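Here is the structure we will look at, set down as structure tokens.
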Number of protein chains: 2
Amino acid sequence: MIQRIDHLGIAVNKLEEAIPLYEKALGLKCERIEEVATQKVRTAFFTVGGTHLELLEPTAEDSPIAKFLKDRGEGVHHVAFATDDLLGQLAQAKGAGLRLINEAPVPGAGGKQVAFLHPKSTRGVLTELCTDGQH
Amino acid sequence: MIQRIDHLGIAVNKLEEAIPLYEKALGLKCERIEEVATQKVRTAFFTVGGTHLELLEPTAEDSPIAKFLKDRGEGVHHVAFATDDLLGQLAQAKGAGLRLINEAPVPGAGGKQVAFLHPKSTRGVLTELCTDGQH
């Protein structure tokens with residue numbers, strides 16, 4: 001079952017411009033910056049209660065985040081739900097008619113396994129299902 | 001300080017079409033439906049860990065949600081952060097140069113006091129600051 005919102009992915013043009021917004025204006029603290037080469041992004045992590053914010057900056061013109069920024073501009077890119085049963089959750093989503101971007105889990109940031117559901121089948125919300133990092 | 005993500009507001013065309021997505025495909029449970037006349041929306045509430053999802057359906061053509069749907073389609077509309085010091089948080093945001101939609105808190109759903117920050121000053125993320133309902 002879904003246990004919590006693991007993180008929000010937020011597309012930004014430049015981490016160095018966006019981090020001060022969350023630090024100075026909202027009082028949050030950037031914990032680390034990580035480059036995810038497979039996704040062609042640099043990510044800045046914040047923790048808010050039991051949820052993370054991940055600011056996503058594209059590192060290449062063909063990054064999925066670069067395409068999103070071009071089409072829609074900066075803003076919320078995806079919502080990730082942590083589950084204790086990723087395979088079961090994916091099967092449930094597929095059984096309910098949702099379109100899976102990842103038919104099977106793939107490695108994500110922070111040692112998690114992740115799978116994305118297509119926003120055309122989730123009413124415009126690009127949805128990620130993921131395990132907890134410690135699983 | 002900001003304590004947690006209180007909720008995500010998600011704009012949808014019809015609650016009756018969107019609720020089954022979250023119930024059948026993701027296994028969440030709709031807890032209640034509330035009409036917020038001042039905002040011209042009907043809202044369906046789900047709880048995920050310490051955070052809520054609020055599906056927002058416009059009830060009038062001049063609802064802010066109707067405008068969002070027309071401009072951008074269904075998707076994440078706003079991110080709300082719960083704080084133990086709403087006035088101080090607003091002052092901090094203003095001091096950092098952010099544009100406030102509400103200079104002072106206004107009543108929101110569930111008995112909360114809320115204030116919105118303009119997305120042009122928060123890199124495309126319409127941001128709500130709110131008290132907890134019990135405060």
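Here's how to read the names in the structure tokens: chain A, B, ... by the order shown, residue numbers from 1 in each chain, ligand numbers from 1 in the order shown.
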**Q.** Within 12 Å of Lys94 (chain A) using only C-alpha atoms, minus same-chain residues under 6 positions, as a list in words
**A.**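 Once the adjacent positions are removed, what remains is Leu87, Gly88, Leu100, Ile101, Asn102, Glu103, Ala104, Ala115, Phe116, Leu117, His118, Ser121 and Thr122 of chain A; Leu21, Lys24, Ala25 and Leu26 of chain B.
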Proximity check chain B to chain A, 8 Å, nearest pairs one decimal Å, only C-alpha atoms, as a tab-separated table:
```
residue	atom	partner	partner_atom	distance
B:Met1	CA	A:Gly27	CA	6.9
B:Ile2	CA	A:Val48	CA	7.3
B:Gln3	CA	A:Gly49	CA	5.7
B:Arg4	CA	A:Gly49	CA	4.2
B:Ile5	CA	A:Val48	CA	6.4
B:Val12	CA	A:Arg123	CA	7.3
B:Ala18	CA	A:Arg123	CA	7.4
B:Leu21	CA	A:Thr122	CA	7.1
B:Lys24	CA	A:Ala96	CA	6.4
B:Ala25	CA	A:Ala93	CA	4.4
B:Leu26	CA	A:Ala93	CA	6.3
B:Gly27	CA	A:Met1	CA	6.9
B:Leu28	CA	A:Ile2	CA	7.5
B:Val48	CA	A:Arg4	CA	4.8
B:Gly49	CA	A:Arg4	CA	4.2
B:Gly50	CA	A:Arg4	CA	7.1
B:Thr51	CA	A:Ile5	CA	7.2
B:Gly73	CA	A:Gly124	CA	7.2
B:Glu74	CA	A:Gly124	CA	5.1
B:Gly75	CA	A:Gly124	CA	4.5
B:Val76	CA	A:Val125	CA	6.4
B:Gln89	CA	A:Leu26	CA	7.0
B:Gln92	CA	A:Ala25	CA	5.8
B:Ala93	CA	A:Ala25	CA	4.4
B:Lys94	CA	A:Ala25	CA	7.6
B:Gly95	CA	A:Ala25	CA	7.6
B:Ala96	CA	A:Ala25	CA	5.2
B:Gly97	CA	A:Ala25	CA	7.8
B:Leu98	CA	A:Ala25	CA	7.3
B:Thr122	CA	A:Leu21	CA	7.1
B:Arg123	CA	A:Glu74	CA	5.7
B:Gly124	CA	A:Gly75	CA	4.4
B:Val125	CA	A:Gly75	CA	5.0
```
Write out, as a short mmCIF file (atom, residue, chain, number, x, y, z; two decimals), in the first residue's frame, the residues just selected, with C-alpha atoms.
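Written output follows (again.cif):
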```
data_model
loop_
_atom_site.label_atom_id
_atom_site.label_comp_id
_atom_site.auth_asym_id
_atom_site.auth_seq_id
_atom_site.Cartn_x
_atom_site.Cartn_y
_atom_site.Cartn_z
CA MET B 1 9.01 27.29 10.80
CA ILE B 2 7.63 25.01 8.13
CA GLN B 3 6.74 21.66 9.66
CA ARG B 4 5.46 19.54 6.81
CA ILE B 5 3.70 19.55 3.47
CA VAL B 12 -9.40 18.10 -12.00
CA ALA B 18 -10.75 11.59 -10.69
CA LEU B 21 -8.13 6.97 -10.16
CA LYS B 24 -8.88 1.98 -7.60
CA ALA B 25 -5.51 2.55 -9.23
CA LEU B 26 -3.56 3.78 -6.21
CA GLY B 27 -5.55 2.24 -3.36
CA LEU B 28 -6.19 5.47 -1.43
CA VAL B 48 -1.27 9.91 2.52
CA GLY B 49 1.03 9.69 5.54
CA GLY B 50 1.03 13.13 7.15
CA THR B 51 -0.07 14.89 3.96
CA GLY B 73 -5.14 21.32 -18.04
CA GLU B 74 -5.44 18.93 -15.14
CA GLY B 75 -2.47 18.62 -12.78
CA VAL B 76 -0.85 19.86 -9.58
CA GLN B 89 6.58 32.90 7.74
CA GLN B 92 10.05 36.12 6.02
CA ALA B 93 8.76 35.43 2.52
CA LYS B 94 7.96 39.09 1.96
CA GLY B 95 11.34 40.14 3.33
CA ALA B 96 13.03 37.79 0.86
CA GLY B 97 11.25 39.56 -1.99
CA LEU B 98 8.39 37.15 -2.65
CA THR B 122 8.14 31.05 -6.42
CA ARG B 123 9.41 29.68 -9.74
CA GLY B 124 6.08 28.43 -11.03
CA VAL B 125 4.92 26.67 -7.87
#
```
Q.
List as a PyMOL selection string the protein and nucleic acid residues near Glu31 (chain A), meaning an atom at most 8 Å away when only C-alpha atoms are counted, but skip any in the same chain fewer than 4 places from it.
A. chain A and resi 44-47
Convert the current residue selection to file output with C-alpha atoms, as a JSON list (two decimals), in the first residue's frame.
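Contents of again.json, freshly written:
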```
[["chain", "number", "residue", "atom", "x", "y", "z"],
["A", 44, "ALA", "CA", 18.92, 19.51, -4.67],
["A", 45, "PHE", "CA", 17.25, 17.75, -1.73],
["A", 46, "PHE", "CA", 15.24, 19.31, 1.08],
["A", 47, "THR", "CA", 13.28, 17.54, 3.82]]
```
Q: Quick one: pull the distance between CA of Lys70 (chain B) and CA of Asp71 (chain A), Å, one decimal.
A: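 CA of Asp71 (chain A) lies 15.8 Å from CA of Lys70 (chain B).
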Q.
Considering only helix (DSSP H, G or I) as DSSP defines it on the backbone, what residues of chain B qualify? List them as a PyMOL selection string.
A. chain B and resi 15-25+37-39+64-72+86-95+109-111
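Taking CA of His7 (chain B) as the reference point, CA of Lys112 (chain B) is found at 12.1 Å.
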(Q) Using only C-alpha atoms, which protein or nucleic acid residues come within 12 Å of Ala60 (chain A)? Drop anything in the same chain fewer than 4 positions from it, and give the result as a PyMOL selection string. (A) chain A and resi 13+35-42+64-67
Q.
Can you pull out every residue from chain A that DSSP, working from the backbone, puts in strand (DSSP E), and format the result as an MDAnalysis selection string?
A. chainID A and resid 2:11 32:36 41:48 51:58 75:83 106:107 113:117 127:130
Q) For Thr59 (chain B), which of B:Lys14, B:Leu86, B:Ala80, B:Gly110 is the closest residue, counting only C-alpha atoms? A)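 Closest residue, counting only C-alpha atoms: B:Lys14.
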